[in-house]
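For reference, the structure is listed below as structure tokens.
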Amino acid sequence: MTKKGLFLGLIVWVFWGVLISCGSEGGGKPDYEFPSGNPEPGAGDSGPEAQGWQVTNAFGELPVYLKVYKSPAVLRGKNAVAYIAVVDTEKEAEFLILGDVSGSKTPAQFYETETVKPAVIMNAGYFWDGNTVSMLCKEGRILAPAQPVWQSDLTFYPTRGAFGVGNDGVYDVNWVYTVGDQMYAYPAPAQNNEEETPLQEPSADFPQGGRAWNVRHAIGGGPVLVKADVYQNTYSQELFGDASGIGALANHPRSAIGITRDQKLIFFVCEGRNVTPGVSGLTLEDVACILKDLGCVDALNLDGGGSSCMLINGKETIKPSSNGVQRAVVTAVAVR
């Protein structure tokens, strides 16, 4: 960990407990209760077309590794405008994480500053006041560690979700924490509860089953939506309750990323907040179900709300909900 990363981590963690981040999805009254078990499965693994998603050619010529789909008009019983970018990682596609621990750009600015233009760019981790509050690892270097969370004069150490790719080219999602200069992945999150005494800081031995997670690139977000082909409901344990501003149970614009069993990357983004009249957005459960039905065995929620934006060949898919313009974000995920 660099001194710069540690210093910025100490600055930003104190704000997180009251974060309505530059990428916050907002609170609001829930539209339903998130289920305690797995939601009812849909078509699952049958491909986007079988579920009403349509291939679109609206963004110009695409590389051979990429297909872009527009959603049906209704998803999960709600009016929807959503897009997925499906990347075949076996066809020379390069996964990138753009940005650093501080500084911000709109997705369009990220696109313009890249010499080799990415075919896909989507906003990624959470941030506050121009600094990341999500774990960030690039080229095997941890630039920003997993951050503590401060709420009601208490310090929590959640094991939040992260999406990464190893040197072997295998992608996955894990609950993670940074111990010194080593990142650890855990089979389940630490069972924190914002209404109870914080649990101890994670280590190599806590939570149980931790292992060194040595990745080439990784970005923190959360909560985990799908892990090992199973729906997850860990927003509470990851400290994404009401104080976080994520709005887990309410409809909002959303961004998420997932990986299928055959290692196809799926970038997901949806509109919300009635930028298109009648389209209020989706809940975390909705996004988890949709990605699971599209074949994702691992999937992670990313920053959403006004930050949600995906560009294909530099062109917007959804309409931004941040006053109709792209919001400057600190990190982005991309493929070229």
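A note on labels: chains of the structure tokens are A, B, ... as shown, every chain counts residues from 1, and ligands are counted from 1 in their shown order.
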As a compact mmCIF listing (two decimals) with N, CA and C atoms, in the first residue's frame, please: every residue in range 25-269 of chain A that a backbone DSSP assignment puts in strand (DSSP E or B).
# COMPACT_ATOMS: atom_id res chain seq x y z
N GLN A 54 -32.55 -7.68 -27.06
CA GLN A 54 -32.32 -7.60 -28.49
C GLN A 54 -30.94 -7.03 -28.79
N VAL A 55 -30.22 -7.70 -29.69
CA VAL A 55 -28.93 -7.18 -30.14
C VAL A 55 -29.16 -5.82 -30.79
N LEU A 66 -17.39 -8.55 -28.72
CA LEU A 66 -18.43 -7.79 -28.02
C LEU A 66 -19.79 -7.86 -28.71
N LYS A 67 -20.84 -8.10 -27.92
CA LYS A 67 -22.22 -7.93 -28.35
C LYS A 67 -22.93 -7.02 -27.35
N VAL A 68 -23.77 -6.15 -27.85
CA VAL A 68 -24.53 -5.23 -26.99
C VAL A 68 -26.02 -5.50 -27.18
N TYR A 69 -26.73 -5.57 -26.07
CA TYR A 69 -28.16 -5.87 -26.08
C TYR A 69 -28.93 -4.78 -25.35
N LYS A 70 -30.13 -4.50 -25.88
CA LYS A 70 -31.07 -3.63 -25.18
C LYS A 70 -32.15 -4.49 -24.54
N VAL A 74 -40.06 -4.25 -20.35
CA VAL A 74 -40.42 -4.55 -18.96
C VAL A 74 -39.44 -5.59 -18.42
N LEU A 75 -38.86 -5.30 -17.26
CA LEU A 75 -38.00 -6.23 -16.54
C LEU A 75 -38.53 -6.37 -15.12
N LYS A 78 -41.43 -4.25 -14.20
CA LYS A 78 -41.27 -2.79 -14.14
C LYS A 78 -40.84 -2.26 -15.51
N ASN A 79 -41.31 -1.07 -15.86
CA ASN A 79 -40.83 -0.42 -17.07
C ASN A 79 -39.32 -0.27 -16.97
N ALA A 82 -32.59 -0.67 -20.17
CA ALA A 82 -31.33 -1.24 -19.68
C ALA A 82 -30.54 -1.78 -20.86
N TYR A 83 -29.24 -1.86 -20.66
CA TYR A 83 -28.33 -2.41 -21.67
C TYR A 83 -27.35 -3.35 -21.00
N ILE A 84 -26.93 -4.36 -21.75
CA ILE A 84 -25.81 -5.19 -21.33
C ILE A 84 -24.79 -5.24 -22.45
N ALA A 85 -23.53 -5.24 -22.06
CA ALA A 85 -22.43 -5.48 -22.98
C ALA A 85 -21.84 -6.83 -22.61
N VAL A 86 -21.87 -7.78 -23.53
CA VAL A 86 -21.40 -9.14 -23.28
C VAL A 86 -20.06 -9.32 -23.99
N VAL A 87 -19.04 -9.61 -23.20
CA VAL A 87 -17.66 -9.66 -23.70
C VAL A 87 -17.15 -11.09 -23.63
N ASP A 88 -16.75 -11.63 -24.77
CA ASP A 88 -16.13 -12.95 -24.82
C ASP A 88 -14.65 -12.78 -24.49
N PHE A 95 -9.44 -6.44 -20.20
CA PHE A 95 -10.19 -5.79 -19.14
C PHE A 95 -9.32 -4.75 -18.45
N LEU A 96 -9.88 -3.55 -18.25
CA LEU A 96 -9.13 -2.44 -17.66
C LEU A 96 -9.92 -1.84 -16.50
N ILE A 97 -9.18 -1.29 -15.56
CA ILE A 97 -9.77 -0.39 -14.56
C ILE A 97 -9.14 0.97 -14.77
N LEU A 98 -9.96 1.96 -15.03
CA LEU A 98 -9.49 3.31 -15.29
C LEU A 98 -9.63 4.15 -14.03
N GLY A 99 -8.76 5.15 -13.90
CA GLY A 99 -8.81 6.04 -12.75
C GLY A 99 -7.76 5.70 -11.72
N SER A 102 -7.62 9.20 -6.55
CA SER A 102 -8.26 10.52 -6.48
C SER A 102 -8.33 11.11 -7.87
N LYS A 105 -13.27 12.03 -13.58
CA LYS A 105 -13.57 12.32 -14.97
C LYS A 105 -14.94 11.74 -15.29
N VAL A 120 -15.95 -0.54 -24.42
CA VAL A 120 -16.93 -0.41 -23.33
C VAL A 120 -16.28 0.35 -22.18
N ILE A 121 -16.99 1.32 -21.65
CA ILE A 121 -16.60 1.99 -20.40
C ILE A 121 -17.85 2.11 -19.53
N MET A 122 -17.71 1.76 -18.26
CA MET A 122 -18.82 1.91 -17.31
C MET A 122 -18.28 2.39 -15.98
N ASN A 123 -19.03 3.25 -15.31
CA ASN A 123 -18.62 3.72 -13.98
C ASN A 123 -18.41 2.53 -13.06
N PHE A 127 -17.20 6.72 -4.32
CA PHE A 127 -16.23 7.79 -4.07
C PHE A 127 -16.89 8.89 -3.26
N TRP A 128 -16.04 9.75 -2.74
CA TRP A 128 -16.50 10.91 -1.97
C TRP A 128 -15.51 12.04 -2.17
N ASN A 131 -12.34 11.34 -4.12
CA ASN A 131 -11.46 10.26 -3.66
C ASN A 131 -12.22 8.94 -3.63
N THR A 132 -11.56 7.87 -4.00
CA THR A 132 -12.21 6.57 -3.94
C THR A 132 -12.45 6.15 -2.49
N LEU A 136 -9.11 -0.57 -4.62
CA LEU A 136 -8.64 -0.42 -5.99
C LEU A 136 -7.29 -1.11 -6.15
N CYS A 137 -7.20 -2.03 -7.10
CA CYS A 137 -5.96 -2.74 -7.40
C CYS A 137 -5.74 -2.72 -8.91
N LYS A 138 -4.56 -2.28 -9.33
CA LYS A 138 -4.22 -2.24 -10.75
C LYS A 138 -2.82 -2.80 -10.93
N ARG A 141 -0.99 -4.08 -7.92
CA ARG A 141 -0.66 -3.15 -6.84
C ARG A 141 -1.94 -2.63 -6.20
N ILE A 142 -2.01 -2.74 -4.88
CA ILE A 142 -3.16 -2.21 -4.15
C ILE A 142 -2.97 -0.70 -4.00
N LEU A 143 -3.73 0.06 -4.76
CA LEU A 143 -3.63 1.52 -4.71
C LEU A 143 -4.49 2.10 -3.59
N ALA A 144 -5.62 1.47 -3.34
CA ALA A 144 -6.50 1.90 -2.25
C ALA A 144 -6.98 0.65 -1.52
N VAL A 149 -15.68 1.78 7.86
CA VAL A 149 -16.92 2.56 7.79
C VAL A 149 -17.21 3.13 9.16
N TRP A 150 -17.48 4.43 9.22
CA TRP A 150 -17.74 5.12 10.48
C TRP A 150 -19.21 5.47 10.56
N GLN A 151 -19.89 4.94 11.59
CA GLN A 151 -21.31 5.24 11.79
C GLN A 151 -21.59 5.41 13.27
N LEU A 154 -18.97 4.88 15.80
CA LEU A 154 -18.41 3.54 15.81
C LEU A 154 -17.65 3.28 14.51
N THR A 155 -16.59 2.49 14.59
CA THR A 155 -15.82 2.13 13.41
C THR A 155 -16.08 0.67 13.06
N PHE A 156 -16.61 0.45 11.87
CA PHE A 156 -16.86 -0.90 11.37
C PHE A 156 -15.80 -1.26 10.33
N ARG A 160 -16.41 -5.99 2.12
CA ARG A 160 -17.29 -5.65 1.01
C ARG A 160 -16.89 -6.40 -0.26
N GLY A 161 -17.82 -6.38 -1.21
CA GLY A 161 -17.60 -7.10 -2.45
C GLY A 161 -16.60 -6.42 -3.36
N ALA A 162 -15.91 -7.23 -4.15
CA ALA A 162 -14.98 -6.73 -5.15
C ALA A 162 -14.99 -7.67 -6.35
N PHE A 163 -14.73 -7.10 -7.51
CA PHE A 163 -14.66 -7.85 -8.77
C PHE A 163 -13.24 -7.78 -9.27
N GLY A 164 -12.67 -8.94 -9.65
CA GLY A 164 -11.28 -8.92 -10.09
C GLY A 164 -10.96 -10.00 -11.09
N VAL A 165 -9.77 -9.87 -11.68
CA VAL A 165 -9.25 -10.87 -12.61
C VAL A 165 -7.83 -11.20 -12.21
N TYR A 171 -11.92 -14.53 -13.86
CA TYR A 171 -12.64 -13.45 -13.19
C TYR A 171 -13.50 -14.03 -12.07
N ASP A 172 -13.61 -13.28 -10.98
CA ASP A 172 -14.54 -13.68 -9.94
C ASP A 172 -14.88 -12.51 -9.03
N VAL A 173 -15.87 -12.74 -8.17
CA VAL A 173 -16.32 -11.76 -7.17
C VAL A 173 -16.09 -12.37 -5.80
N ASN A 174 -15.60 -11.55 -4.87
CA ASN A 174 -15.36 -12.02 -3.51
C ASN A 174 -15.68 -10.93 -2.51
N TRP A 175 -15.93 -11.35 -1.26
CA TRP A 175 -15.93 -10.43 -0.13
C TRP A 175 -14.48 -10.28 0.31
N VAL A 176 -13.98 -9.06 0.42
CA VAL A 176 -12.54 -8.88 0.60
C VAL A 176 -12.22 -7.89 1.71
N TYR A 177 -10.98 -7.97 2.17
CA TYR A 177 -10.42 -6.97 3.07
C TYR A 177 -8.91 -6.95 2.86
N THR A 178 -8.31 -5.79 3.11
CA THR A 178 -6.87 -5.63 2.93
C THR A 178 -6.19 -5.71 4.28
N VAL A 179 -5.26 -6.63 4.41
CA VAL A 179 -4.47 -6.81 5.63
C VAL A 179 -3.02 -6.50 5.28
N GLN A 182 -1.59 -7.23 1.72
CA GLN A 182 -2.20 -8.43 1.14
C GLN A 182 -3.72 -8.32 1.17
N MET A 183 -4.33 -8.68 0.06
CA MET A 183 -5.78 -8.71 -0.01
C MET A 183 -6.25 -10.13 0.28
N TYR A 184 -7.28 -10.24 1.11
CA TYR A 184 -7.85 -11.54 1.45
C TYR A 184 -9.28 -11.62 0.95
N ALA A 185 -9.65 -12.80 0.46
CA ALA A 185 -11.02 -13.09 0.04
C ALA A 185 -11.62 -14.09 1.01
N TYR A 186 -12.91 -13.92 1.29
CA TYR A 186 -13.59 -14.76 2.28
C TYR A 186 -14.81 -15.42 1.65
N ARG A 211 -8.51 -16.47 2.28
CA ARG A 211 -7.37 -16.87 1.45
C ARG A 211 -6.79 -15.65 0.79
N ALA A 212 -5.52 -15.70 0.50
CA ALA A 212 -4.90 -14.60 -0.22
C ALA A 212 -5.53 -14.49 -1.61
N HIS A 217 -6.08 -7.12 -11.60
CA HIS A 217 -6.92 -5.92 -11.48
C HIS A 217 -8.12 -6.26 -10.62
N ALA A 218 -8.52 -5.33 -9.76
CA ALA A 218 -9.73 -5.53 -8.96
C ALA A 218 -10.30 -4.18 -8.56
N ILE A 219 -11.64 -4.13 -8.48
CA ILE A 219 -12.33 -2.91 -8.07
C ILE A 219 -13.38 -3.26 -7.03
N GLY A 220 -13.41 -2.49 -5.97
CA GLY A 220 -14.41 -2.70 -4.93
C GLY A 220 -15.72 -2.02 -5.29
N VAL A 224 -22.32 -7.73 -2.95
CA VAL A 224 -22.29 -8.89 -3.85
C VAL A 224 -23.73 -9.27 -4.18
N LEU A 225 -23.98 -9.53 -5.46
CA LEU A 225 -25.32 -9.91 -5.91
C LEU A 225 -25.45 -11.41 -6.14
N VAL A 226 -24.42 -12.00 -6.75
CA VAL A 226 -24.40 -13.43 -7.03
C VAL A 226 -23.01 -13.94 -6.72
N LYS A 227 -22.91 -15.08 -6.06
CA LYS A 227 -21.62 -15.71 -5.78
C LYS A 227 -21.78 -17.21 -5.91
N VAL A 230 -25.17 -18.54 -6.78
CA VAL A 230 -26.22 -18.43 -5.76
C VAL A 230 -26.53 -16.95 -5.53
N TYR A 231 -27.82 -16.59 -5.50
CA TYR A 231 -28.21 -15.24 -5.15
C TYR A 231 -27.71 -14.89 -3.76
N HIS A 252 -33.77 2.45 -8.46
CA HIS A 252 -32.80 3.48 -8.84
C HIS A 252 -32.08 3.05 -10.11
N ARG A 254 -28.93 1.67 -11.90
CA ARG A 254 -27.96 0.73 -11.35
C ARG A 254 -26.87 0.42 -12.38
N SER A 255 -25.69 0.13 -11.84
CA SER A 255 -24.59 -0.41 -12.64
C SER A 255 -24.10 -1.67 -11.94
N ALA A 256 -23.76 -2.69 -12.71
CA ALA A 256 -23.27 -3.93 -12.12
C ALA A 256 -22.41 -4.65 -13.14
N ILE A 257 -21.61 -5.58 -12.65
CA ILE A 257 -20.74 -6.37 -13.52
C ILE A 257 -20.77 -7.81 -13.07
N GLY A 258 -20.75 -8.73 -14.03
CA GLY A 258 -20.80 -10.15 -13.69
C GLY A 258 -19.99 -10.98 -14.65
N ILE A 259 -19.83 -12.24 -14.29
CA ILE A 259 -19.09 -13.19 -15.12
C ILE A 259 -19.89 -14.48 -15.21
N THR A 260 -19.95 -15.07 -16.40
CA THR A 260 -20.69 -16.30 -16.60
C THR A 260 -19.79 -17.51 -16.39
N LYS A 264 -17.66 -15.22 -19.74
CA LYS A 264 -18.10 -14.04 -20.49
C LYS A 264 -18.42 -12.93 -19.50
N LEU A 265 -17.84 -11.77 -19.74
CA LEU A 265 -18.10 -10.60 -18.90
C LEU A 265 -19.43 -9.98 -19.30
N ILE A 266 -20.22 -9.59 -18.31
CA ILE A 266 -21.46 -8.87 -18.58
C ILE A 266 -21.44 -7.55 -17.82
N PHE A 267 -21.45 -6.45 -18.57
CA PHE A 267 -21.61 -5.11 -18.00
C PHE A 267 -23.10 -4.78 -18.08
N PHE A 268 -23.67 -4.34 -16.97
CA PHE A 268 -25.11 -4.05 -16.90
C PHE A 268 -25.33 -2.62 -16.44
N VAL A 269 -26.26 -1.93 -17.09
CA VAL A 269 -26.63 -0.59 -16.65
C VAL A 269 -28.11 -0.38 -16.94
message: List as JSON, numbers by chain the protein and nucleic acid residues near range 278-284 of chain A, meaning an atom at most 8 Å away when only C-alpha atoms are counted, but skip any in the same chain fewer than 6 places from it.
response: {"A": [78, 79, 80, 81, 225, 247, 248, 249, 250, 251, 252, 253, 254, 270, 271, 272, 301]}
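Distances to Ala332 in chain A were evaluated for A:Asp298, A:Gly77, A:Tyr126, A:Gly47 using only C-alpha atoms, and the minimum falls at A:Tyr126.
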message: Under the rule that only C-alpha atoms are counted, which of A:Ala228, A:Leu291, A:Ala124, A:Ala119 is the nearest residue to Arg76 in chain A?
response: A:Leu291
- prompt: Which one of A:Pro145, A:Gly169, A:Pro223, A:Gly103 sits closest to Gly130 in chain A if you count only C-alpha atoms?
  reply: A:Gly103
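CA of Cys296 in chain A is found 6.8 Å from CA of Arg261 in chain A.
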- prompt: Residues of range 122-294 of chain A in helix (DSSP H, G or I) according to DSSP, as a list in words?
  reply: Asp242, Ala243, Ser244, Leu284, Glu285, Asp286, Val287, Ala288, Cys289, Ile290, Leu291, Lys292 and Asp293 of chain A
Nearby residues (only C-alpha atoms) at most 12 Å from Glu194 in chain A, same-chain spacing under 5 positions excluded, as an MDAnalysis selection string: chainID A and resid 17 149:158 199 235:244
Keeping only N, CA and C atoms, write the selected residues to a file as a PDB file, in the first residue's frame.
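Output file selection_16.pdb is given in full below:
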ATOM      1  N   GLY A  17     -19.959   6.854   6.671  1.00  0.00           N
ATOM      2  CA  GLY A  17     -21.167   6.503   7.413  1.00  0.00           C
ATOM      3  C   GLY A  17     -22.348   7.376   7.069  1.00  0.00           C
ATOM      4  N   VAL A 149     -15.682   1.784   7.865  1.00  0.00           N
ATOM      5  CA  VAL A 149     -16.918   2.561   7.786  1.00  0.00           C
ATOM      6  C   VAL A 149     -17.205   3.131   9.164  1.00  0.00           C
ATOM      7  N   TRP A 150     -17.476   4.431   9.216  1.00  0.00           N
ATOM      8  CA  TRP A 150     -17.741   5.116  10.484  1.00  0.00           C
ATOM      9  C   TRP A 150     -19.213   5.471  10.557  1.00  0.00           C
ATOM     10  N   GLN A 151     -19.892   4.942  11.590  1.00  0.00           N
ATOM     11  CA  GLN A 151     -21.309   5.238  11.790  1.00  0.00           C
ATOM     12  C   GLN A 151     -21.590   5.408  13.275  1.00  0.00           C
ATOM     13  N   SER A 152     -22.258   6.501  13.619  1.00  0.00           N
ATOM     14  CA  SER A 152     -22.689   6.746  15.009  1.00  0.00           C
ATOM     15  C   SER A 152     -21.537   6.596  15.994  1.00  0.00           C
ATOM     16  N   ASP A 153     -20.406   7.214  15.659  1.00  0.00           N
ATOM     17  CA  ASP A 153     -19.214   7.196  16.516  1.00  0.00           C
ATOM     18  C   ASP A 153     -18.598   5.803  16.659  1.00  0.00           C
ATOM     19  N   LEU A 154     -18.969   4.883  15.797  1.00  0.00           N
ATOM     20  CA  LEU A 154     -18.407   3.539  15.810  1.00  0.00           C
ATOM     21  C   LEU A 154     -17.654   3.282  14.512  1.00  0.00           C
ATOM     22  N   THR A 155     -16.594   2.488  14.594  1.00  0.00           N
ATOM     23  CA  THR A 155     -15.822   2.127  13.411  1.00  0.00           C
ATOM     24  C   THR A 155     -16.078   0.667  13.063  1.00  0.00           C
ATOM     25  N   PHE A 156     -16.606   0.446  11.870  1.00  0.00           N
ATOM     26  CA  PHE A 156     -16.855  -0.902  11.371  1.00  0.00           C
ATOM     27  C   PHE A 156     -15.797  -1.259  10.329  1.00  0.00           C
ATOM     28  N   TYR A 157     -15.557  -2.561  10.184  1.00  0.00           N
ATOM     29  CA  TYR A 157     -14.593  -3.054   9.203  1.00  0.00           C
ATOM     30  C   TYR A 157     -15.282  -4.098   8.318  1.00  0.00           C
ATOM     31  N   PRO A 158     -16.133  -3.654   7.408  1.00  0.00           N
ATOM     32  CA  PRO A 158     -16.881  -4.617   6.596  1.00  0.00           C
ATOM     33  C   PRO A 158     -16.007  -5.279   5.533  1.00  0.00           C
ATOM     34  N   LEU A 199     -17.732  -5.790  14.678  1.00  0.00           N
ATOM     35  CA  LEU A 199     -16.871  -6.958  14.810  1.00  0.00           C
ATOM     36  C   LEU A 199     -15.412  -6.541  14.677  1.00  0.00           C
ATOM     37  N   TYR A 235     -26.314  -7.042   1.703  1.00  0.00           N
ATOM     38  CA  TYR A 235     -26.105  -5.595   1.775  1.00  0.00           C
ATOM     39  C   TYR A 235     -26.005  -5.111   3.216  1.00  0.00           C
ATOM     40  N   SER A 236     -26.705  -5.767   4.141  1.00  0.00           N
ATOM     41  CA  SER A 236     -26.641  -5.363   5.540  1.00  0.00           C
ATOM     42  C   SER A 236     -25.273  -5.673   6.137  1.00  0.00           C
ATOM     43  N   GLN A 237     -24.766  -6.887   5.915  1.00  0.00           N
ATOM     44  CA  GLN A 237     -23.456  -7.267   6.445  1.00  0.00           C
ATOM     45  C   GLN A 237     -22.328  -6.435   5.841  1.00  0.00           C
ATOM     46  N   GLU A 238     -22.523  -5.984   4.602  1.00  0.00           N
ATOM     47  CA  GLU A 238     -21.513  -5.149   3.948  1.00  0.00           C
ATOM     48  C   GLU A 238     -21.662  -3.668   4.309  1.00  0.00           C
ATOM     49  N   LEU A 239     -22.567  -3.371   5.233  1.00  0.00           N
ATOM     50  CA  LEU A 239     -22.808  -2.004   5.705  1.00  0.00           C
ATOM     51  C   LEU A 239     -23.299  -1.094   4.580  1.00  0.00           C
ATOM     52  N   PHE A 240     -24.264  -1.595   3.815  1.00  0.00           N
ATOM     53  CA  PHE A 240     -24.933  -0.795   2.807  1.00  0.00           C
ATOM     54  C   PHE A 240     -26.389  -0.575   3.205  1.00  0.00           C
ATOM     55  N   GLY A 241     -26.600  -0.267   4.472  1.00  0.00           N
ATOM     56  CA  GLY A 241     -27.935   0.026   4.965  1.00  0.00           C
ATOM     57  C   GLY A 241     -28.355   1.447   4.660  1.00  0.00           C
ATOM     58  N   ASP A 242     -29.324   1.953   5.405  1.00  0.00           N
ATOM     59  CA  ASP A 242     -29.898   3.268   5.127  1.00  0.00           C
ATOM     60  C   ASP A 242     -28.855   4.377   5.127  1.00  0.00           C
ATOM     61  N   ALA A 243     -27.894   4.308   6.054  1.00  0.00           N
ATOM     62  CA  ALA A 243     -26.915   5.387   6.166  1.00  0.00           C
ATOM     63  C   ALA A 243     -26.002   5.485   4.958  1.00  0.00           C
ATOM     64  N   SER A 244     -25.872   4.408   4.198  1.00  0.00           N
ATOM     65  CA  SER A 244     -24.956   4.410   3.047  1.00  0.00           C
ATOM     66  C   SER A 244     -25.512   5.177   1.866  1.00  0.00           C
TER      67      SER A 244
END
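With only C-alpha atoms as the atoms that count, the residue of A:Leu294, A:Val116, A:Ala188, A:Val333 with the shortest distance to Asp100 in chain A is A:Val333.
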